[in-house]
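Have a look at upload35.cif; it's mmCIF, C-alpha atoms and all ligand atoms:
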```
data_model
#
loop_
_atom_site.group_PDB
_atom_site.id
_atom_site.type_symbol
_atom_site.label_atom_id
_atom_site.label_comp_id
_atom_site.auth_asym_id
_atom_site.auth_seq_id
_atom_site.Cartn_x
_atom_site.Cartn_y
_atom_site.Cartn_z
ATOM 1 C CA MET G 1 208.892 39.595 145.888
ATOM 2 C CA SER G 2 210.160 43.159 145.645
ATOM 3 C CA ASN G 3 207.988 46.060 146.779
ATOM 4 C CA THR G 4 207.665 47.355 143.211
ATOM 5 C CA LYS G 5 206.511 43.991 141.885
ATOM 6 C CA GLU G 6 204.079 43.617 144.759
ATOM 7 C CA ASN G 7 202.638 47.079 144.077
ATOM 8 C CA LYS G 8 202.217 46.284 140.399
ATOM 9 C CA LEU G 9 200.506 42.998 141.237
ATOM 10 C CA MET G 10 198.168 44.734 143.681
ATOM 11 C CA LYS G 11 197.311 47.397 141.102
ATOM 12 C CA LEU G 12 196.592 44.688 138.539
ATOM 13 C CA CYS G 13 194.361 42.853 141.011
ATOM 14 C CA ALA G 14 192.514 46.079 141.884
ATOM 15 C CA THR G 15 191.951 46.819 138.195
ATOM 16 C CA LEU G 16 190.669 43.310 137.596
ATOM 17 C CA ILE G 17 188.265 43.569 140.532
ATOM 18 C CA ILE G 18 186.955 46.946 139.316
ATOM 19 C CA CYS G 19 186.485 45.502 135.806
ATOM 20 C CA LEU G 20 184.638 42.499 137.228
ATOM 21 C CA LEU G 21 182.403 44.840 139.273
ATOM 22 C CA CYS G 22 181.671 46.844 136.124
ATOM 23 C CA ILE G 23 180.696 43.714 134.215
ATOM 24 C CA VAL G 24 178.465 42.561 137.084
ATOM 25 C CA ASN G 25 176.882 46.020 137.174
ATOM 26 C CA ILE G 26 176.189 46.086 133.451
ATOM 27 C CA TYR G 27 174.565 42.673 133.531
ATOM 28 C CA SER G 28 172.514 43.353 136.641
ATOM 29 C CA LEU G 29 170.832 46.378 135.037
ATOM 30 C CA PRO G 30 167.203 45.605 134.284
ATOM 31 C CA VAL G 31 166.456 45.136 130.601
ATOM 32 C CA SER G 32 163.640 47.644 130.925
ATOM 33 C CA ALA G 33 165.949 50.415 132.141
ATOM 34 C CA VAL G 34 164.983 52.434 129.074
ATOM 35 C CA ALA G 35 163.242 55.746 129.600
ATOM 36 C CA SER G 36 159.896 54.431 130.767
ATOM 37 C CA ASP G 37 157.715 57.319 131.796
ATOM 38 C CA LEU G 38 154.833 55.324 133.207
ATOM 39 C CA PRO G 39 152.393 56.253 134.464
ATOM 40 C CA VAL G 40 151.623 59.360 132.471
ATOM 41 C CA ILE G 41 148.559 61.486 131.866
ATOM 42 C CA ARG G 42 148.505 63.738 128.819
ATOM 43 C CA SER G 43 145.895 66.272 127.878
ATOM 44 C CA VAL G 44 144.915 67.138 124.345
ATOM 45 C CA ASN G 45 143.272 70.516 124.161
ATOM 46 C CA GLY G 46 141.668 71.884 121.018
ATOM 47 C CA TRP G 47 143.488 69.681 118.566
ATOM 48 C CA SER G 48 142.292 70.540 115.091
ATOM 49 C CA VAL G 49 142.033 67.509 112.802
ATOM 50 C CA PRO G 50 141.037 68.510 109.255
ATOM 51 C CA ALA G 51 138.686 66.317 107.199
ATOM 52 C CA GLY G 52 140.381 63.161 105.962
ATOM 53 C CA SER G 53 143.563 63.739 107.928
ATOM 54 C CA THR G 54 145.502 61.984 110.661
ATOM 55 C CA LYS G 55 147.316 63.573 113.552
ATOM 56 C CA GLN G 56 149.605 62.109 116.172
ATOM 57 C CA SER G 57 151.508 63.161 119.277
ATOM 58 C CA SER G 58 155.090 64.279 118.774
ATOM 59 C CA THR G 59 156.435 62.357 121.762
ATOM 60 C CA GLY G 60 156.018 58.687 122.533
ATOM 61 C CA VAL G 61 155.431 56.668 125.662
ATOM 62 C CA TYR G 62 157.212 53.419 126.492
ATOM 63 C CA LEU G 63 154.717 50.668 127.270
ATOM 64 C CA TYR G 64 154.855 47.068 128.444
ATOM 65 C CA PRO G 65 152.604 44.102 127.686
ATOM 66 C CA GLY G 66 149.675 44.285 130.076
ATOM 67 C CA ASP G 67 149.731 48.067 130.189
ATOM 68 C CA ILE G 68 146.520 49.792 129.271
ATOM 69 C CA VAL G 69 146.009 53.093 127.513
ATOM 70 C CA TYR G 70 142.880 54.888 128.605
ATOM 71 C CA PHE G 71 141.158 57.292 126.230
ATOM 72 C CA ASP G 72 138.679 59.880 127.386
ATOM 73 C CA PHE G 73 137.810 62.364 124.636
ATOM 74 C CA THR G 74 135.084 64.540 123.252
ATOM 75 C CA TYR G 75 135.009 65.863 119.723
ATOM 76 C CA THR G 76 133.022 68.228 117.534
ATOM 77 C CA PRO G 77 131.101 68.097 115.318
ATOM 78 C CA SER G 78 129.701 65.079 117.108
ATOM 79 C CA HIS G 79 128.433 63.317 113.969
ATOM 80 C CA THR G 80 131.947 63.121 112.532
ATOM 81 C CA SER G 81 133.475 59.640 112.275
ATOM 82 C CA MET G 82 136.696 59.668 114.281
ATOM 83 C CA SER G 83 139.196 56.919 115.072
ATOM 84 C CA PHE G 84 141.342 57.128 118.191
ATOM 85 C CA GLY G 85 144.278 54.872 118.862
ATOM 86 C CA LEU G 86 148.020 54.371 119.017
ATOM 87 C CA LEU G 87 150.872 54.280 116.598
ATOM 88 C CA THR G 88 152.643 51.063 117.662
ATOM 89 C CA PRO G 89 156.398 50.369 117.811
ATOM 90 C CA SER G 90 155.978 48.489 114.516
ATOM 91 C CA ASN G 91 154.312 51.536 112.929
ATOM 92 C CA THR G 92 150.792 50.198 112.710
ATOM 93 C CA PHE G 93 147.700 52.076 113.805
ATOM 94 C CA LYS G 94 146.220 50.197 116.763
ATOM 95 C CA LEU G 95 142.809 51.675 117.241
ATOM 96 C CA PHE G 96 139.422 51.330 118.725
ATOM 97 C CA ASN G 97 136.387 52.566 116.839
ATOM 98 C CA THR G 98 134.250 54.978 118.702
ATOM 99 C CA ALA G 99 130.501 54.679 118.922
ATOM 100 C CA GLY G 100 130.256 58.235 117.716
ATOM 101 C CA SER G 101 128.126 60.958 119.294
ATOM 102 C CA GLY G 102 131.107 63.117 120.054
ATOM 103 C CA ILE G 103 132.422 60.896 122.833
ATOM 104 C CA ALA G 104 135.370 58.523 122.646
ATOM 105 C CA LYS G 105 135.986 56.602 125.826
ATOM 106 C CA SER G 106 137.709 53.245 125.793
ATOM 107 C CA THR G 107 140.929 51.367 126.419
ATOM 108 C CA ILE G 108 143.631 49.532 124.530
ATOM 109 C CA THR G 109 145.662 46.748 126.126
ATOM 110 C CA ILE G 110 149.297 46.615 125.063
ATOM 111 C CA THR G 111 150.764 43.350 123.821
ATOM 112 C CA GLU G 112 154.044 44.574 122.306
ATOM 113 C CA GLU G 113 156.747 46.354 124.319
ATOM 114 C CA GLY G 114 158.032 49.627 122.918
ATOM 115 C CA VAL G 115 157.310 53.260 122.160
ATOM 116 C CA TYR G 116 153.759 54.297 121.315
ATOM 117 C CA LYS G 117 152.283 57.582 120.131
ATOM 118 C CA PHE G 118 148.713 58.780 120.468
ATOM 119 C CA ARG G 119 146.967 59.015 117.101
ATOM 120 C CA VAL G 120 143.621 60.256 115.854
ATOM 121 C CA ARG G 121 142.073 60.093 112.390
ATOM 122 C CA ASN G 122 139.204 62.158 111.024
ATOM 123 C CA ASN G 123 137.313 59.784 108.725
ATOM 124 C CA SER G 124 134.996 62.480 107.408
ATOM 125 C CA SER G 125 135.649 63.818 103.909
ATOM 126 C CA SER G 126 133.909 67.095 104.584
ATOM 127 C CA TYR G 127 134.009 68.062 108.272
ATOM 128 C CA ASP G 128 137.028 69.365 110.124
ATOM 129 C CA ALA G 129 137.017 68.191 113.730
ATOM 130 C CA THR G 130 138.282 69.471 117.055
ATOM 131 C CA ILE G 131 139.152 67.089 119.883
ATOM 132 C CA ASN G 132 139.583 67.623 123.613
ATOM 133 C CA GLY G 133 140.399 65.197 126.346
ATOM 134 C CA LYS G 134 143.182 63.088 127.754
ATOM 135 C CA TYR G 135 144.857 59.761 127.404
ATOM 136 C CA TYR G 136 146.666 58.094 130.210
ATOM 137 C CA THR G 137 148.782 55.056 130.429
ATOM 138 C CA GLY G 138 149.678 52.407 132.909
ATOM 139 C CA CYS G 139 148.131 49.120 133.739
ATOM 140 C CA SER G 140 145.214 48.018 135.783
ATOM 141 C CA TYR G 141 147.105 49.100 138.887
ATOM 142 C CA PRO G 142 148.051 47.587 141.127
ATOM 143 C CA PHE G 143 147.331 44.432 139.129
ATOM 144 C CA ARG G 144 149.028 44.362 135.781
ATOM 145 C CA SER G 145 146.419 42.128 134.250
ATOM 146 C CA PRO G 146 143.508 44.060 132.764
ATOM 147 C CA TYR G 147 141.222 41.123 133.403
ATOM 148 C CA VAL G 148 140.762 41.501 137.141
ATOM 149 C CA ALA G 149 137.135 42.295 137.773
ATOM 150 C CA LYS G 150 137.837 44.614 140.662
ATOM 151 C CA LYS G 151 136.069 47.411 142.406
ATOM 152 C CA ILE G 152 136.701 49.897 145.179
ATOM 153 C CA SER G 153 134.767 48.658 148.213
ATOM 154 C CA THR G 154 135.779 51.512 150.497
ATOM 155 C CA SER G 155 136.871 54.855 149.115
ATOM 156 C CA TYR G 156 139.248 57.405 150.550
ATOM 157 C CA THR G 157 137.529 59.356 153.328
ATOM 158 C CA SER G 158 138.516 61.222 156.463
ATOM 159 C CA SER G 159 137.970 58.028 158.419
ATOM 160 C CA HIS G 160 139.518 55.678 155.861
ATOM 161 C CA TYR G 161 142.763 57.083 154.526
ATOM 162 C CA GLY G 162 143.181 54.689 151.621
ATOM 163 C CA LEU G 163 141.342 52.534 149.109
ATOM 164 C CA ASP G 164 140.081 49.011 149.616
ATOM 165 C CA ILE G 165 140.090 46.985 146.425
ATOM 166 C CA VAL G 166 138.067 43.797 146.169
ATOM 167 C CA ALA G 167 136.876 41.508 143.390
ATOM 168 C CA THR G 168 133.437 41.982 141.916
ATOM 169 C CA THR G 169 132.958 38.297 142.732
ATOM 170 C CA PRO G 170 133.514 38.052 146.503
ATOM 171 C CA GLY G 171 136.835 36.450 147.390
ATOM 172 C CA ALA G 172 137.966 35.990 143.779
ATOM 173 C CA ILE G 173 140.830 38.416 144.197
ATOM 174 C CA GLU G 174 142.623 36.316 146.815
ATOM 175 C CA GLY G 175 146.156 35.456 145.746
ATOM 176 C CA TYR G 176 146.177 37.950 142.928
ATOM 177 C CA PRO G 177 149.677 39.356 142.200
ATOM 178 C CA ILE G 178 150.203 42.963 143.291
ATOM 179 C CA TYR G 179 152.650 45.242 141.497
ATOM 180 C CA SER G 180 154.105 48.546 142.572
ATOM 181 C CA ILE G 181 152.236 51.641 141.396
ATOM 182 C CA GLN G 182 155.458 53.644 141.334
ATOM 183 C CA LYS G 183 159.215 53.469 141.040
ATOM 184 C CA GLY G 184 161.024 53.579 144.334
ATOM 185 C CA THR G 185 162.599 51.687 147.189
ATOM 186 C CA VAL G 186 161.077 49.218 149.619
ATOM 187 C CA GLU G 187 161.184 50.690 153.103
ATOM 188 C CA VAL G 188 159.233 47.990 154.917
ATOM 189 C CA ALA G 189 158.250 44.418 154.041
ATOM 190 C CA GLU G 190 157.040 42.720 157.200
ATOM 191 C CA PHE G 191 154.103 41.633 159.347
ATOM 192 C CA SER G 192 152.111 43.715 161.793
ATOM 193 C CA ALA G 193 149.061 42.683 163.805
ATOM 194 C CA SER G 194 146.861 45.338 162.195
ATOM 195 C CA ALA G 195 148.288 45.709 158.674
ATOM 196 C CA GLY G 196 149.062 42.026 158.276
ATOM 197 C CA TYR G 197 151.799 41.303 155.752
ATOM 198 C CA TYR G 198 152.493 44.682 154.243
ATOM 199 C CA VAL G 199 154.914 46.567 152.068
ATOM 200 C CA VAL G 200 155.851 50.246 152.122
ATOM 201 C CA ILE G 201 157.432 51.807 149.058
ATOM 202 C CA ILE G 202 159.151 55.181 149.149
ATOM 203 C CA GLY G 203 158.554 56.457 145.646
ATOM 204 C CA ASP G 204 161.010 58.394 143.528
ATOM 205 C CA ASN G 205 158.059 60.742 142.971
ATOM 206 C CA GLY G 206 158.081 61.829 146.620
ATOM 207 C CA TYR G 207 155.104 59.746 147.719
ATOM 208 C CA THR G 208 155.041 56.797 150.076
ATOM 209 C CA ALA G 209 152.608 53.997 149.226
ATOM 210 C CA ARG G 210 151.548 51.169 151.494
ATOM 211 C CA TYR G 211 150.020 47.845 150.494
ATOM 212 C CA LEU G 212 148.297 46.016 153.352
ATOM 213 C CA HIS G 213 146.743 42.638 154.207
ATOM 214 C CA MET G 214 148.828 40.608 151.776
ATOM 215 C CA GLN G 215 149.555 36.886 151.898
ATOM 216 C CA ASP G 216 152.604 35.750 153.867
ATOM 217 C CA THR G 217 154.700 35.311 150.701
ATOM 218 C CA LEU G 218 156.048 38.839 150.271
ATOM 219 C CA GLU G 219 158.188 39.005 147.132
ATOM 220 C CA VAL G 220 160.348 41.997 148.123
ATOM 221 C CA ASN G 221 162.657 42.905 150.986
ATOM 222 C CA ALA G 222 163.478 46.218 152.624
ATOM 223 C CA GLY G 223 166.039 48.033 150.530
ATOM 224 C CA ASP G 224 164.947 46.543 147.185
ATOM 225 C CA ASN G 225 164.480 48.902 144.258
ATOM 226 C CA VAL G 226 161.117 48.506 142.565
ATOM 227 C CA THR G 227 159.480 49.678 139.380
ATOM 228 C CA TYR G 228 156.066 49.273 137.777
ATOM 229 C CA THR G 229 156.818 45.702 136.857
ATOM 230 C CA THR G 230 158.009 44.582 140.299
ATOM 231 C CA LEU G 231 155.904 41.915 141.965
ATOM 232 C CA LEU G 232 155.378 42.877 145.617
ATOM 233 C CA GLY G 233 153.207 40.032 146.885
ATOM 234 C CA TYR G 234 149.678 38.660 146.674
ATOM 235 C CA VAL G 235 146.245 39.797 147.792
ATOM 236 C CA GLY G 236 145.453 38.260 151.154
ATOM 237 C CA ASN G 237 143.378 38.589 154.276
ATOM 238 C CA SER G 238 146.078 39.062 156.916
ATOM 239 C CA GLY G 239 145.946 41.450 159.862
ATOM 240 C CA ILE G 240 142.693 43.197 160.726
ATOM 241 C CA SER G 241 140.690 42.306 157.627
ATOM 242 C CA THR G 242 137.231 40.878 157.080
ATOM 243 C CA GLY G 243 137.889 39.302 153.694
ATOM 244 C CA PRO G 244 140.446 39.131 150.880
ATOM 245 C CA HIS G 245 141.209 42.666 149.740
ATOM 246 C CA LEU G 246 144.036 45.071 149.120
ATOM 247 C CA HIS G 247 144.210 48.252 151.135
ATOM 248 C CA ILE G 248 146.429 50.817 149.488
ATOM 249 C CA ASP G 249 147.219 54.280 150.772
ATOM 250 C CA VAL G 250 149.500 57.087 149.705
ATOM 251 C CA ASN G 251 151.302 59.512 151.977
ATOM 252 C CA THR G 252 152.679 62.833 150.847
ATOM 253 C CA VAL G 253 155.375 62.670 153.507
ATOM 254 C CA ASN G 254 158.149 60.492 152.270
ATOM 255 C CA GLY G 255 159.561 57.657 154.251
ATOM 256 C CA THR G 256 159.499 57.182 157.994
ATOM 257 C CA ALA G 257 157.861 60.557 158.590
ATOM 258 C CA GLY G 258 154.748 59.207 156.949
ATOM 259 C CA GLU G 259 155.132 55.646 158.094
ATOM 260 C CA SER G 260 155.803 54.885 161.727
ATOM 261 C CA SER G 261 156.488 51.442 163.098
ATOM 262 C CA GLY G 262 153.816 48.786 163.445
ATOM 263 C CA GLY G 263 151.901 49.675 160.305
ATOM 264 C CA THR G 264 150.459 52.930 161.595
ATOM 265 C CA ILE G 265 150.573 56.054 159.515
ATOM 266 C CA ASN G 266 150.500 59.823 159.758
ATOM 267 C CA TYR G 267 146.860 60.289 158.742
ATOM 268 C CA ASN G 268 147.114 64.044 158.274
ATOM 269 C CA THR G 269 149.397 63.791 155.286
ATOM 270 C CA THR G 270 147.634 61.104 153.247
ATOM 271 C CA ILE G 271 145.947 61.803 149.924
ATOM 272 C CA ASP G 272 143.425 59.936 147.813
ATOM 273 C CA PRO G 273 145.474 57.368 145.812
ATOM 274 C CA GLU G 274 143.074 57.843 142.899
ATOM 275 C CA SER G 275 144.055 61.502 142.578
ATOM 276 C CA LEU G 276 147.630 60.419 141.941
ATOM 277 C CA PHE G 277 147.011 57.187 140.066
ATOM 278 C CA PRO G 278 143.613 57.239 138.340
ATOM 279 C CA GLN G 279 144.411 53.862 136.830
ATOM 280 C CA ILE G 280 143.815 52.253 140.229
ATOM 281 C CA SER G 281 140.088 52.699 140.070
ATOM 282 C CA PHE G 282 139.618 51.653 136.472
ATOM 283 C CA THR G 283 137.219 48.735 136.214
ATOM 284 C CA TYR G 284 135.741 46.796 133.334
HETATM 285 ZN ZN ZN G 301 141.262 49.869 154.009
#
```
Starting from the coordinates I provided, produce the structure as structure tokens.
Amino acid sequence: MSNTKENKLMKLCATLIICLLCIVNIYSLPVSAVASDLPVIRSVNGWSVPAGSTKQSSTGVYLYPGDIVYFDFTYTPSHTSMSFGLLTPSNTFKLFNTAGSGIAKSTITITEEGVYKFRVRNNSSSYDATINGKYYTGCSYPFRSPYVAKKISTSYTSSHYGLDIVATTPGAIEGYPIYSIQKGTVEVAEFSASAGYYVVIIGDNGYTARYLHMQDTLEVNAGDNVTYTTLLGYVGNSGISTGPHLHIDVNTVNGTAGESSGGTINYNTTIDPESLFPQISFTY
């Protein structure tokens, strides 16, 4: 074979390989690679909603089945009948009815994937209303099911740098699937004598989160990319633990600076996980 022919053949092969890589890349992209902006907290300050009218947010939020939208609003005048809810991807008004009295506090669980907008309707024919508050999205982190009867057994303190989450019925949380509370990369997925089976995620948001005391069936490996729908493992009782629970902590120092070997952590740079992800502490 002449040099020219060989070169041409090699170029053709290289092109084919690059094309194949491209195809593999396209197909390995997650289906949910759309612009998900979970979790998000949005404030609504002094929205005026005239009598008989409906108002909705101008921007939408991409939600997944199992996600929950939390509403926490006050409105005046308090005797006005108001409906709070979401405009769904199929353009219906998914709402909860408030009990009145100027307070609207409840949740909606998402069953249809897609873009949602916050919506409020003033049912009064004579009173203009003003609303204040916030709505925030996510799921019952770090469990995507809203039906886990969970509670915080030990809060974030200077002597306990994370949250302990247990079931309201002792032991019932064992084996429950745990999902990442943030997008990021798995730094550690291993066993340590104190932390048990644990996972460390370096978040794209600049925070490092650790999940401790899991069962021995970790579902991720170091180097994996994770998102809010990535299964990390299951609630366990491994390491130094007195019963099935999930310990979760968040470090403001990203990566190995916040997480040293053996499951220990730089305590001085931790923050209360609830301050970053209020969805964690939501209970029914
Ligand atoms: Zn703990």
**OP:** Name the residues in contact with segment 45-52 of chain G at a cut-off of 10 Å, using all atoms listed in the file, excluding same-chain residues fewer than 3 positions from it; report them as an MDAnalysis selection string.
**Re:** chainID G and resid 42 55:56 73 75:76 80:82 120:134
Let's have the selection written as a short mmCIF file (atom, residue, chain, number, x, y, z; two decimals), in the coordinates of the input, with C-alpha atoms.
```cif
data_model
loop_
_atom_site.label_atom_id
_atom_site.label_comp_id
_atom_site.auth_asym_id
_atom_site.auth_seq_id
_atom_site.Cartn_x
_atom_site.Cartn_y
_atom_site.Cartn_z
CA ARG G 42 148.50 63.74 128.82
CA LYS G 55 147.32 63.57 113.55
CA GLN G 56 149.60 62.11 116.17
CA PHE G 73 137.81 62.36 124.64
CA TYR G 75 135.01 65.86 119.72
CA THR G 76 133.02 68.23 117.53
CA THR G 80 131.95 63.12 112.53
CA SER G 81 133.48 59.64 112.28
CA MET G 82 136.70 59.67 114.28
CA VAL G 120 143.62 60.26 115.85
CA ARG G 121 142.07 60.09 112.39
CA ASN G 122 139.20 62.16 111.02
CA ASN G 123 137.31 59.78 108.72
CA SER G 124 135.00 62.48 107.41
CA SER G 125 135.65 63.82 103.91
CA SER G 126 133.91 67.10 104.58
CA TYR G 127 134.01 68.06 108.27
CA ASP G 128 137.03 69.36 110.12
CA ALA G 129 137.02 68.19 113.73
CA THR G 130 138.28 69.47 117.06
CA ILE G 131 139.15 67.09 119.88
CA ASN G 132 139.58 67.62 123.61
CA GLY G 133 140.40 65.20 126.35
CA LYS G 134 143.18 63.09 127.75
#
```
Original post:
What lies within 6 Å of segment 177-180 of chain G using all atoms listed in the file, ignoring chain neighbours under 3 positions off, as a PyMOL selection string?
Top reply: chain G and resi 142-143+228+230-234
**OP:** May I ask you to write as a PyMOL selection string all residues lying at most 6 Å from ligand ZN 301 (chain G), with only C-alpha atoms and all ligand atoms counted?
**Re:** chain G and resi 162-164+247
**OP:** Would you mind reading off the distance between atom CA of Ser192 of chain G and atom CA of Gly239 of chain G, one decimal, in Å?
**Re:** 6.8 Å
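From atom CA of Thr185 of chain G back to atom CA of Tyr197 of chain G, the distance works out to 17.3 Å.
Of the listed residues G:Ser194, G:Thr157, G:Asp204, G:Tyr70, the one whose atoms come nearest to Thr270 of chain G is G:Thr157, with distances taken using all atoms listed in the file.
Applied to this file, the PyMOL selection byres (((chain G and resi 170-174) around 10) and not hetatm) selects the residues Val148, Ala149, Lys150, Ile165, Val166, Ala167, Thr168, Thr169, Gly175, Tyr176, Pro177, Met214, Gln215, Tyr234, Val235, Gly236, Asn237, Gly243, Pro244, His245 and Leu246 of chain G.
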Same residues, C-alpha atoms, saved as a compact mmCIF listing (two decimals), keeping the file's coordinate frame:
```
# COMPACT_ATOMS: atom_id res chain seq x y z
CA VAL G 148 140.76 41.50 137.14
CA ALA G 149 137.14 42.30 137.77
CA LYS G 150 137.84 44.61 140.66
CA ILE G 165 140.09 46.98 146.43
CA VAL G 166 138.07 43.80 146.17
CA ALA G 167 136.88 41.51 143.39
CA THR G 168 133.44 41.98 141.92
CA THR G 169 132.96 38.30 142.73
CA GLY G 175 146.16 35.46 145.75
CA TYR G 176 146.18 37.95 142.93
CA PRO G 177 149.68 39.36 142.20
CA MET G 214 148.83 40.61 151.78
CA GLN G 215 149.56 36.89 151.90
CA TYR G 234 149.68 38.66 146.67
CA VAL G 235 146.24 39.80 147.79
CA GLY G 236 145.45 38.26 151.15
CA ASN G 237 143.38 38.59 154.28
CA GLY G 243 137.89 39.30 153.69
CA PRO G 244 140.45 39.13 150.88
CA HIS G 245 141.21 42.67 149.74
CA LEU G 246 144.04 45.07 149.12
```
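Atom CA of Thr208 of chain G is found 20.6 Å from atom CA of Ala193 of chain G.
Considering the residues G:Ser241, G:Thr229, G:Asn221, G:Asn251 and counting only C-alpha atoms, Gly206 of chain G has its shortest atom-to-atom contact with G:Asn251.
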**OP:** Could you give me, as a ChimeraX atom specification, the residues within 8 Å of Ala189 of chain G, counting only C-alpha atoms and dropping anything in the same chain fewer than 2 positions from it?
**Re:** /G:186-187,191,197-200,218,220-222
**OP:** Find the spatial neighbours of Thr59 of chain G, counting all atoms listed in the file, within a cut-off of 9 Å - ignore same-chain residues fewer than 4 positions away - and output them as a PyMOL selection string.
**Re:** chain G and resi 116-118
Subject >> G:Val44, G:Val226, G:Thr137, G:Arg119 ranked by distance to Phe93 of chain G, top pick (using only C-alpha atoms) >> reply: G:Arg119
Write a file for segment 62-74 of chain G of the given structure; include N, CA and C atoms and format it as a PDB file, in the first residue's frame.
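What follows is the written file out.pdb:
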```pdb
ATOM      1  N   TYR G  62     -38.400  23.418  36.117  1.00  0.00           N
ATOM      2  CA  TYR G  62     -38.520  22.045  35.614  1.00  0.00           C
ATOM      3  C   TYR G  62     -38.604  21.077  36.789  1.00  0.00           C
ATOM      4  N   LEU G  63     -39.652  20.272  36.814  1.00  0.00           N
ATOM      5  CA  LEU G  63     -39.865  19.369  37.945  1.00  0.00           C
ATOM      6  C   LEU G  63     -40.006  17.924  37.486  1.00  0.00           C
ATOM      7  N   TYR G  64     -39.691  17.020  38.416  1.00  0.00           N
ATOM      8  CA  TYR G  64     -39.771  15.587  38.150  1.00  0.00           C
ATOM      9  C   TYR G  64     -40.839  14.950  39.035  1.00  0.00           C
ATOM     10  N   PRO G  65     -41.394  13.814  38.597  1.00  0.00           N
ATOM     11  CA  PRO G  65     -42.311  13.090  39.476  1.00  0.00           C
ATOM     12  C   PRO G  65     -41.635  12.796  40.817  1.00  0.00           C
ATOM     13  N   GLY G  66     -42.352  13.024  41.879  1.00  0.00           N
ATOM     14  CA  GLY G  66     -41.784  12.846  43.217  1.00  0.00           C
ATOM     15  C   GLY G  66     -41.315  14.149  43.820  1.00  0.00           C
ATOM     16  N   ASP G  67     -41.052  15.136  42.981  1.00  0.00           N
ATOM     17  CA  ASP G  67     -40.675  16.451  43.510  1.00  0.00           C
ATOM     18  C   ASP G  67     -41.867  17.062  44.226  1.00  0.00           C
ATOM     19  N   ILE G  68     -41.557  17.924  45.155  1.00  0.00           N
ATOM     20  CA  ILE G  68     -42.606  18.579  45.934  1.00  0.00           C
ATOM     21  C   ILE G  68     -42.418  20.086  45.790  1.00  0.00           C
ATOM     22  N   VAL G  69     -43.516  20.792  45.691  1.00  0.00           N
ATOM     23  CA  VAL G  69     -43.446  22.253  45.731  1.00  0.00           C
ATOM     24  C   VAL G  69     -44.045  22.692  47.058  1.00  0.00           C
ATOM     25  N   TYR G  70     -43.282  23.465  47.779  1.00  0.00           N
ATOM     26  CA  TYR G  70     -43.666  23.915  49.107  1.00  0.00           C
ATOM     27  C   TYR G  70     -44.147  25.359  49.007  1.00  0.00           C
ATOM     28  N   PHE G  71     -45.310  25.622  49.576  1.00  0.00           N
ATOM     29  CA  PHE G  71     -45.862  26.974  49.564  1.00  0.00           C
ATOM     30  C   PHE G  71     -45.892  27.500  50.987  1.00  0.00           C
ATOM     31  N   ASP G  72     -45.457  28.708  51.147  1.00  0.00           N
ATOM     32  CA  ASP G  72     -45.493  29.335  52.474  1.00  0.00           C
ATOM     33  C   ASP G  72     -45.813  30.811  52.283  1.00  0.00           C
ATOM     34  N   PHE G  73     -47.098  31.153  52.360  1.00  0.00           N
ATOM     35  CA  PHE G  73     -47.543  32.510  52.014  1.00  0.00           C
ATOM     36  C   PHE G  73     -48.450  33.111  53.073  1.00  0.00           C
ATOM     37  N   THR G  74     -48.461  34.423  53.088  1.00  0.00           N
ATOM     38  CA  THR G  74     -49.493  35.159  53.819  1.00  0.00           C
ATOM     39  C   THR G  74     -50.158  36.085  52.813  1.00  0.00           C
TER      40      THR G  74
END
```
